[in-house]
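Below is start_17.cif, holding mmCIF, C-alpha atoms and all ligand atoms.
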```cif
data_my_file
#
loop_
_atom_site.group_PDB
_atom_site.id
_atom_site.type_symbol
_atom_site.label_atom_id
_atom_site.label_comp_id
_atom_site.auth_asym_id
_atom_site.auth_seq_id
_atom_site.Cartn_x
_atom_site.Cartn_y
_atom_site.Cartn_z
ATOM 1 C CA MET A 245 103.657 318.852 185.552
ATOM 2 C CA SER A 246 101.516 316.531 187.657
ATOM 3 C CA ARG A 247 99.589 317.762 190.643
ATOM 4 C CA PHE A 248 102.027 315.974 192.957
ATOM 5 C CA SER A 249 105.203 317.314 191.478
ATOM 6 C CA GLN A 250 103.512 320.681 191.421
ATOM 7 C CA TYR A 251 103.002 320.399 195.154
ATOM 8 C CA VAL A 252 106.620 319.422 195.752
ATOM 9 C CA ASN A 253 107.653 322.338 193.618
ATOM 10 C CA ASP A 254 105.506 324.665 195.717
ATOM 11 C CA LEU A 255 107.100 323.240 198.853
ATOM 12 C CA PHE A 256 110.463 323.935 197.351
ATOM 13 C CA ILE A 257 109.578 327.580 196.795
ATOM 14 C CA TRP A 258 108.035 327.830 200.243
ATOM 15 C CA ASN A 259 111.181 326.368 201.784
ATOM 16 C CA GLU A 260 113.297 328.910 199.982
ATOM 17 C CA GLN A 261 111.037 331.752 201.161
ATOM 18 C CA MET A 262 111.294 330.561 204.742
ATOM 19 C CA ARG A 263 115.083 330.525 204.494
ATOM 20 C CA GLN A 264 115.093 334.045 203.129
ATOM 21 C CA PHE A 265 112.755 335.090 205.879
ATOM 22 C CA LEU A 266 115.015 333.682 208.594
ATOM 23 C CA GLN A 267 117.936 335.386 206.972
ATOM 24 C CA SER A 268 116.168 338.720 206.742
ATOM 25 C CA GLU A 269 115.182 338.407 210.392
ATOM 26 C CA GLN A 270 118.790 337.583 211.236
ATOM 27 C CA VAL A 271 117.931 334.419 213.097
ATOM 28 C CA GLU A 272 121.156 332.875 214.376
ATOM 29 C CA GLN A 273 122.450 329.900 212.467
ATOM 30 C CA ASP A 274 122.463 327.470 215.380
ATOM 31 C CA THR A 275 118.821 327.776 216.339
ATOM 32 C CA GLU A 276 116.416 324.873 216.145
ATOM 33 C CA LEU A 277 114.532 326.572 213.324
ATOM 34 C CA TRP A 278 117.503 326.454 210.994
ATOM 35 C CA HIS A 279 118.108 322.784 211.853
ATOM 36 C CA GLN A 280 114.519 321.972 211.037
ATOM 37 C CA LEU A 281 114.648 323.874 207.800
ATOM 38 C CA ASP A 282 117.968 322.271 206.801
ATOM 39 C CA GLU A 283 116.538 318.817 207.405
ATOM 40 C CA PHE A 284 113.479 319.718 205.429
ATOM 41 C CA SER A 285 115.585 321.034 202.555
ATOM 42 C CA GLU A 286 117.571 317.808 202.411
ATOM 43 C CA LEU A 287 114.377 315.838 202.441
ATOM 44 C CA ILE A 288 112.757 317.614 199.516
ATOM 45 C CA GLU A 289 115.992 317.810 197.574
ATOM 46 C CA SER A 290 116.312 314.029 197.800
ATOM 47 C CA ILE A 291 112.916 313.516 196.177
ATOM 48 C CA ASN A 292 113.538 312.230 192.700
ATOM 49 C CA GLN A 293 110.455 310.235 191.920
ATOM 50 C CA GLU A 294 106.712 310.389 192.174
ATOM 51 C CA LEU A 295 105.591 310.246 195.793
ATOM 52 C CA SER A 296 102.860 308.180 197.320
ATOM 53 C CA THR A 297 99.962 310.043 198.885
ATOM 54 C CA GLU A 298 101.242 308.971 202.282
ATOM 55 C CA GLN A 299 104.685 310.406 201.683
ATOM 56 C CA LEU A 300 103.134 313.634 200.465
ATOM 57 C CA LEU A 301 100.947 313.911 203.541
ATOM 58 C CA SER A 302 103.960 313.386 205.755
ATOM 59 C CA LEU A 303 105.841 316.108 203.879
ATOM 60 C CA GLN A 304 102.883 318.401 204.300
ATOM 61 C CA ALA A 305 102.720 317.691 208.028
ATOM 62 C CA LYS A 306 106.423 318.457 208.373
ATOM 63 C CA ALA A 307 106.026 321.746 206.547
ATOM 64 C CA GLU A 308 103.115 322.700 208.762
ATOM 65 C CA ARG A 309 105.076 321.856 211.881
ATOM 66 C CA ILE A 310 107.963 324.074 210.819
ATOM 67 C CA HIS A 311 105.565 326.848 210.050
ATOM 68 C CA GLN A 312 103.995 326.568 213.486
ATOM 69 C CA GLN A 313 107.393 326.615 215.129
ATOM 70 C CA MET A 314 108.301 329.708 213.207
ATOM 71 C CA GLU A 315 105.150 331.425 214.340
ATOM 72 C CA TYR A 316 105.860 330.427 217.898
ATOM 73 C CA TYR A 317 109.449 331.613 217.687
ATOM 74 C CA PHE A 318 108.555 334.990 216.275
ATOM 75 C CA SER A 319 105.547 335.588 218.497
ATOM 76 C CA ARG A 320 107.787 334.960 221.521
ATOM 77 C CA LYS A 321 110.520 337.149 220.129
ATOM 78 C CA GLN A 322 108.081 340.006 219.762
ATOM 79 C CA GLY A 323 106.500 339.391 223.121
ATOM 80 C CA MET A 324 103.137 338.829 221.555
ATOM 81 C CA GLY A 325 100.740 336.185 222.737
ATOM 82 C CA VAL A 326 99.140 335.462 219.438
ATOM 83 C CA GLY A 327 99.660 336.158 215.806
ATOM 84 C CA THR A 328 101.436 334.767 212.855
ATOM 85 C CA ILE A 329 104.978 335.221 211.676
ATOM 86 C CA TRP A 330 103.552 337.835 209.376
ATOM 87 C CA THR A 331 102.371 339.992 212.252
ATOM 88 C CA GLU A 332 105.898 341.255 212.690
ATOM 89 C CA GLU A 333 104.233 343.584 210.210
ATOM 90 C CA ARG A 334 105.102 347.142 211.049
ATOM 91 C CA GLN A 335 102.402 349.301 212.495
ATOM 92 C CA LEU A 336 103.410 352.648 211.176
ATOM 93 C CA SER A 337 102.493 355.791 213.033
ATOM 94 C CA PRO A 338 101.421 358.853 211.001
ATOM 95 C CA GLY A 339 104.344 359.935 208.839
ATOM 96 C CA GLY A 340 106.306 356.729 209.453
ATOM 97 C CA HIS A 341 106.773 355.531 205.867
ATOM 98 C CA THR A 342 110.246 354.879 204.519
ATOM 99 C CA LEU A 343 111.567 354.202 201.031
ATOM 100 C CA PRO A 344 111.957 350.422 200.641
ATOM 101 C CA GLU A 345 115.183 349.135 199.136
ATOM 102 C CA LEU A 346 115.080 347.629 195.677
ATOM 103 C CA PRO A 347 115.290 343.822 195.755
ATOM 104 C CA TYR A 348 118.070 344.019 193.118
ATOM 105 C CA ALA A 349 120.734 346.445 191.933
ATOM 106 C CA TYR A 350 119.807 349.454 189.802
ATOM 107 C CA ASN A 351 121.478 347.984 186.724
ATOM 108 C CA GLU A 352 120.133 344.451 187.041
ATOM 109 C CA LEU A 353 117.017 344.945 184.946
ATOM 110 C CA GLU A 354 119.122 345.953 181.949
ATOM 111 C CA PRO A 355 118.786 345.823 179.021
ATOM 112 C CA TYR A 356 115.027 346.030 179.540
ATOM 113 C CA ILE A 357 115.115 348.977 181.936
ATOM 114 C CA SER A 358 118.240 351.070 182.130
ATOM 115 C CA GLU A 359 120.151 351.803 185.309
ATOM 116 C CA GLU A 360 119.564 355.507 184.797
ATOM 117 C CA ILE A 361 115.795 355.095 184.791
ATOM 118 C CA MET A 362 115.805 352.781 187.772
ATOM 119 C CA ARG A 363 117.956 355.136 189.807
ATOM 120 C CA LEU A 364 115.797 358.149 189.028
ATOM 121 C CA HIS A 365 112.526 356.287 189.349
ATOM 122 C CA HIS A 366 113.325 354.695 192.699
ATOM 123 C CA ASP A 367 115.515 357.264 194.387
ATOM 124 C CA LYS A 368 113.813 360.444 193.185
ATOM 125 C CA HIS A 369 110.235 359.654 192.223
ATOM 126 C CA HIS A 370 109.402 356.955 194.704
ATOM 127 C CA ARG A 371 111.151 358.878 197.491
ATOM 128 C CA SER A 372 109.014 361.937 196.809
ATOM 129 C CA TYR A 373 105.845 359.819 197.153
ATOM 130 C CA VAL A 374 107.067 358.563 200.511
ATOM 131 C CA ASN A 375 107.811 362.090 201.679
ATOM 132 C CA GLY A 376 104.491 363.401 200.350
ATOM 133 C CA LEU A 377 102.550 360.609 202.056
ATOM 134 C CA ASN A 378 104.309 361.266 205.355
ATOM 135 C CA LYS A 379 103.558 364.939 205.108
ATOM 136 C CA ALA A 380 99.873 364.322 204.343
ATOM 137 C CA GLU A 381 99.532 361.885 207.254
ATOM 138 C CA GLN A 382 101.217 364.285 209.642
ATOM 139 C CA SER A 383 99.118 367.205 208.470
ATOM 140 C CA LEU A 384 95.946 365.191 208.984
ATOM 141 C CA LYS A 385 97.147 364.224 212.437
ATOM 142 C CA LYS A 386 97.526 367.898 213.194
ATOM 143 C CA ALA A 387 94.041 368.537 211.818
ATOM 144 C CA ARG A 388 92.654 365.939 214.239
ATOM 145 C CA GLU A 389 94.465 367.547 217.133
ATOM 146 C CA THR A 390 93.369 371.087 216.325
ATOM 147 C CA GLN A 391 90.012 369.982 214.895
ATOM 148 C CA ASP A 392 90.743 372.245 211.954
ATOM 149 C CA TYR A 393 89.548 370.446 208.856
ATOM 150 C CA SER A 394 89.571 373.390 206.477
ATOM 151 C CA LEU A 395 92.245 371.720 204.318
ATOM 152 C CA ILE A 396 90.822 368.205 204.412
ATOM 153 C CA LYS A 397 90.187 368.103 200.663
ATOM 154 C CA HIS A 398 93.756 369.052 199.922
ATOM 155 C CA TRP A 399 95.305 366.566 202.344
ATOM 156 C CA SER A 400 92.957 363.765 201.294
ATOM 157 C CA ARG A 401 94.095 364.307 197.720
ATOM 158 C CA GLU A 402 97.722 364.294 198.783
ATOM 159 C CA LEU A 403 97.106 361.170 200.858
ATOM 160 C CA ALA A 404 95.619 359.383 197.867
ATOM 161 C CA PHE A 405 98.177 360.596 195.347
ATOM 162 C CA HIS A 406 101.324 359.945 197.365
ATOM 163 C CA GLY A 407 99.918 356.914 199.157
ATOM 164 C CA SER A 408 99.001 355.160 195.929
ATOM 165 C CA GLY A 409 102.335 356.241 194.469
ATOM 166 C CA HIS A 410 104.234 354.712 197.363
ATOM 167 C CA TYR A 411 102.223 351.481 197.555
ATOM 168 C CA LEU A 412 102.105 350.838 193.811
ATOM 169 C CA HIS A 413 105.825 351.403 193.362
ATOM 170 C CA SER A 414 106.550 349.123 196.322
ATOM 171 C CA ILE A 415 104.565 346.405 194.541
ATOM 172 C CA PHE A 416 106.024 347.258 191.140
ATOM 173 C CA TRP A 417 109.665 346.798 192.201
ATOM 174 C CA ASN A 418 108.906 343.356 193.510
ATOM 175 C CA ASN A 419 106.834 342.472 190.450
ATOM 176 C CA MET A 420 110.049 342.583 188.429
ATOM 177 C CA ASN A 421 113.235 340.585 188.805
ATOM 178 C CA PRO A 422 116.418 339.870 186.826
ATOM 179 C CA ASN A 423 115.351 336.206 187.012
ATOM 180 C CA GLY A 424 111.855 337.004 185.809
ATOM 181 C CA GLY A 425 110.138 336.274 182.517
ATOM 182 C CA GLY A 426 108.709 332.928 181.489
ATOM 183 C CA GLN A 427 105.167 331.859 182.230
ATOM 184 C CA PRO A 428 102.999 332.055 185.367
ATOM 185 C CA LYS A 429 102.593 328.813 187.252
ATOM 186 C CA GLY A 430 100.495 327.167 189.906
ATOM 187 C CA VAL A 431 97.400 328.804 191.295
ATOM 188 C CA LEU A 432 98.046 332.015 189.344
ATOM 189 C CA GLN A 433 98.095 330.175 186.067
ATOM 190 C CA GLY A 434 94.957 328.322 187.132
ATOM 191 C CA GLU A 435 93.062 331.510 187.944
ATOM 192 C CA MET A 436 94.207 333.141 184.715
ATOM 193 C CA ASN A 437 92.994 330.246 182.654
ATOM 194 C CA ARG A 438 89.720 330.131 184.537
ATOM 195 C CA TYR A 439 88.884 333.802 184.066
ATOM 196 C CA PHE A 440 90.737 335.053 180.995
ATOM 197 C CA GLY A 441 90.837 331.775 179.116
ATOM 198 C CA SER A 442 94.614 331.569 178.856
ATOM 199 C CA THR A 443 97.827 333.220 179.900
ATOM 200 C CA TYR A 444 98.093 334.543 176.373
ATOM 201 C CA ALA A 445 94.669 336.187 176.586
ATOM 202 C CA PHE A 446 95.565 337.744 179.920
ATOM 203 C CA LYS A 447 98.854 339.148 178.626
ATOM 204 C CA LYS A 448 97.160 340.530 175.568
ATOM 205 C CA GLN A 449 94.475 342.371 177.548
ATOM 206 C CA PHE A 450 96.935 343.582 180.190
ATOM 207 C CA SER A 451 99.282 344.945 177.518
ATOM 208 C CA GLU A 452 96.414 346.701 175.759
ATOM 209 C CA ALA A 453 95.172 348.166 179.041
ATOM 210 C CA ALA A 454 98.682 349.461 179.776
ATOM 211 C CA LYS A 455 99.188 350.894 176.308
ATOM 212 C CA GLN A 456 95.834 352.631 176.327
ATOM 213 C CA VAL A 457 95.864 354.227 179.771
ATOM 214 C CA GLU A 458 94.739 357.800 179.190
ATOM 215 C CA GLY A 459 97.741 359.975 180.002
ATOM 216 C CA ALA A 460 99.876 358.769 182.900
ATOM 217 C CA GLY A 461 98.905 355.764 184.966
ATOM 218 C CA TRP A 462 99.093 352.071 185.604
ATOM 219 C CA ALA A 463 97.767 348.748 184.438
ATOM 220 C CA LEU A 464 96.900 346.422 187.288
ATOM 221 C CA LEU A 465 96.103 342.761 187.630
ATOM 222 C CA VAL A 466 93.950 342.571 190.739
ATOM 223 C CA TRP A 467 92.094 339.968 192.746
ATOM 224 C CA SER A 468 88.493 340.831 193.506
ATOM 225 C CA PRO A 469 87.527 339.179 196.800
ATOM 226 C CA MET A 470 83.830 339.874 196.173
ATOM 227 C CA ALA A 471 83.766 338.444 192.661
ATOM 228 C CA GLY A 472 86.247 335.714 193.516
ATOM 229 C CA HIS A 473 88.210 336.194 190.330
ATOM 230 C CA LEU A 474 91.106 338.098 188.819
ATOM 231 C CA GLU A 475 90.518 341.335 186.971
ATOM 232 C CA ILE A 476 92.504 343.838 184.933
ATOM 233 C CA LEU A 477 92.081 347.517 185.669
ATOM 234 C CA GLN A 478 93.523 350.766 184.436
ATOM 235 C CA SER A 479 94.372 353.621 186.764
ATOM 236 C CA GLU A 480 94.702 357.132 185.473
ATOM 237 C CA ARG A 481 97.567 358.701 187.343
ATOM 238 C CA HIS A 482 97.624 356.761 190.620
ATOM 239 C CA MET A 483 94.234 357.125 192.040
ATOM 240 C CA LEU A 484 90.949 358.841 191.984
ATOM 241 C CA LEU A 485 91.327 359.763 195.609
ATOM 242 C CA THR A 486 92.024 356.216 196.610
ATOM 243 C CA GLN A 487 95.083 354.378 197.814
ATOM 244 C CA TRP A 488 95.614 351.195 195.885
ATOM 245 C CA SER A 489 96.374 348.211 198.126
ATOM 246 C CA VAL A 490 94.185 349.348 200.980
ATOM 247 C CA VAL A 491 91.165 347.322 202.168
ATOM 248 C CA PRO A 492 87.838 349.166 202.600
ATOM 249 C CA LEU A 493 86.309 348.604 206.030
ATOM 250 C CA LEU A 494 83.541 351.197 206.375
ATOM 251 C CA VAL A 495 82.109 353.101 203.432
ATOM 252 C CA LEU A 496 79.503 355.827 203.150
ATOM 253 C CA ASP A 497 77.768 356.580 199.861
ATOM 254 C CA VAL A 498 77.397 360.342 199.453
ATOM 255 C CA TRP A 499 76.134 360.320 195.871
ATOM 256 C CA GLU A 500 72.925 362.319 195.800
ATOM 257 C CA HIS A 501 70.891 359.236 194.946
ATOM 258 C CA ALA A 502 71.768 357.912 198.412
ATOM 259 C CA TYR A 503 70.038 360.728 200.337
ATOM 260 C CA TYR A 504 68.355 363.295 198.090
ATOM 261 C CA LEU A 505 64.762 362.005 198.248
ATOM 262 C CA GLN A 506 64.800 362.340 202.014
ATOM 263 C CA TYR A 507 67.437 364.922 202.867
ATOM 264 C CA LYS A 508 67.339 367.028 199.685
ATOM 265 C CA ASN A 509 70.654 368.852 199.498
ATOM 266 C CA ASN A 510 71.369 368.491 203.196
ATOM 267 C CA ARG A 511 74.137 365.954 202.974
ATOM 268 C CA ALA A 512 75.477 366.901 206.404
ATOM 269 C CA ASP A 513 72.387 365.623 208.252
ATOM 270 C CA TYR A 514 72.529 362.404 206.284
ATOM 271 C CA VAL A 515 76.191 361.936 207.273
ATOM 272 C CA ASP A 516 75.503 362.731 210.931
ATOM 273 C CA ASN A 517 72.595 360.291 211.017
ATOM 274 C CA PHE A 518 74.673 357.569 209.457
ATOM 275 C CA TRP A 519 76.318 356.983 212.849
ATOM 276 C CA ASN A 520 72.973 355.831 214.250
ATOM 277 C CA ILE A 521 72.911 352.827 211.961
ATOM 278 C CA VAL A 522 76.559 351.883 211.460
ATOM 279 C CA TYR A 523 76.937 348.169 212.077
ATOM 280 C CA TRP A 524 80.263 348.045 213.901
ATOM 281 C CA HIS A 525 80.204 344.294 214.092
ATOM 282 C CA ASP A 526 80.503 344.055 210.330
ATOM 283 C CA VAL A 527 83.310 346.621 210.245
ATOM 284 C CA GLU A 528 85.113 344.669 212.935
ATOM 285 C CA MET A 529 84.750 341.413 210.994
ATOM 286 C CA ARG A 530 86.132 343.069 207.895
ATOM 287 C CA LEU A 531 89.093 344.386 209.861
ATOM 288 C CA GLU A 532 89.808 340.928 211.251
ATOM 289 C CA LYS A 533 89.827 339.462 207.766
ATOM 290 C CA ALA A 534 92.060 342.282 206.574
ATOM 291 C CA LEU A 535 94.506 341.663 209.416
ATOM 292 C CA ASP A 536 94.926 338.131 208.087
ATOM 293 C CA LYS A 537 96.434 339.549 204.961
ATOM 294 C CA ARG A 538 100.180 339.288 204.779
ATOM 295 C CA PRO A 539 102.148 342.511 204.837
ATOM 296 C CA GLY A 540 103.259 343.732 201.505
ATOM 297 C CA ILE A 541 100.211 342.355 199.756
HETATM 298 MN MN MN B 601 106.575 355.514 188.608
#
```

Show how you would write the structure in this file as structure tokens.
Ligand code: MN
Amino acid sequence: MSRFSQYVNDLFIWNEQMRQFLQSEQVEQDTELWHQLDEFSELIESINQELSTEQLLSLQAKAERIHQQMEYYFSRKQGMGVGTIWTEERQLSPGGHTLPELPYAYNELEPYISEEIMRLHHDKHHRSYVNGLNKAEQSLKKARETQDYSLIKHWSRELAFHGSGHYLHSIFWNNMNPNGGGQPKGVLQGEMNRYFGSTYAFKKQFSEAAKQVEGAGWALLVWSPMAGHLEILQSERHMLLTQWSVVPLLVLDVWEHAYYLQYKNNRADYVDNFWNIVYWHDVEMRLEKALDKRPGI
């Protein structure tokens, strides 16, 4: 596929996503947004030959305009001055997680995964992660209110275990589809080739990682923002006291090597003194970048 037809193909997918988004947001059929999107659909569906650069640029401009209008529409609808259409992102209060619906029926992944497994896995297992996460968040809220942190280790563990369980399963369901299979395309294929050498090499390593996870766990293809490349990781169980899918903003190293020479075994003083040198500006910048991330990612 040429770069141009690749771009048109991407537009096609984008267009389809926008339509699904409008549908999921229950935007009425007679609004300007739907008209715009309909026109745009007709336009790209009528493309049957290689486009000139000019025509491509005009297509791109049209797509951007629609996107802007969508953002405007949704920011108004939510009574927010700024933001993107993705900021309709829920801001959950402690204990506010709910079990997401599967994007397909329980039996639709057959014969590869049976209906029985899907039903149990989603409705029983995933639900218990959601409940466990809610409970941990609520218990920690209570700890903040009463300033009683005697069970912090327990609730942090629960937070990590159930949180990772909930987030990973939410990603997992969407990573599969009855219309799935085939080969990766576009930027994903590009990044795979660049880092792993080929799609084949990636699949091979990912499969091996999955097969050789010690005990229960996951194989994960991740993007490393610091390294600027893809990576494959294994996770034993869900976590080691982390929540996959979260973005670190402020971290404090409490390995002994970080304080022992000066504080000996007095980690508490080291932690208390940390607040004298925290660079909030950096934390704030990291949060702003994280807020740019689309929900569900
Ligand atoms: Mn599972």

- Report the distance between atom CA of Met262 of chain A and atom CA of Gln280 of chain A in Å, rounded to one decimal place. 11.1 Å

- Note on the structure: Shortest contact to Ala502 of chain A, candidates A:Ile521, A:Val466, A:Met420, A:Val515, atoms counted all atoms listed in the file, goes to A:Val515

Per residue of chain A within 8 Å of ligand MN 601 (chain B), record the nearest atom pair and its distance in Å to one decimal, counting only C-alpha atoms and all ligand atoms, with rows in chain order and ascending residue number, as JSON lines.
```
{"residue": "A:His365", "atom": "CA", "partner": "B:MN601", "partner_atom": "MN", "distance": 6.0}
{"residue": "A:His366", "atom": "CA", "partner": "B:MN601", "partner_atom": "MN", "distance": 7.9}
{"residue": "A:His369", "atom": "CA", "partner": "B:MN601", "partner_atom": "MN", "distance": 6.6}
{"residue": "A:His370", "atom": "CA", "partner": "B:MN601", "partner_atom": "MN", "distance": 6.9}
{"residue": "A:Gly409", "atom": "CA", "partner": "B:MN601", "partner_atom": "MN", "distance": 7.3}
{"residue": "A:His413", "atom": "CA", "partner": "B:MN601", "partner_atom": "MN", "distance": 6.3}
```

- Who sits within 12 Å of Phe405 of chain A, all atoms listed in the file, same chain under 3 positions skipped, as a PyMOL selection string: chain A and resi 370+372-380+398-402+408-412+461+479-488

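Atom CA of Gly430 of chain A is positioned 11.4 Å from atom CA of Ile257 of chain A.
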
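On the file presented, the PyMOL selection byres (((chain A and resi 339) around 6) and not hetatm) picks out Pro338, Gly340, His341, Asn378, Glu381 and Gln382 of chain A.
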
- Message: Evaluated on this file, the PyMOL selection byres (((chain A and resi 435) around 12) and not hetatm) picks out some residues - which ones are they, written as a count of residues only?
- Response: 24
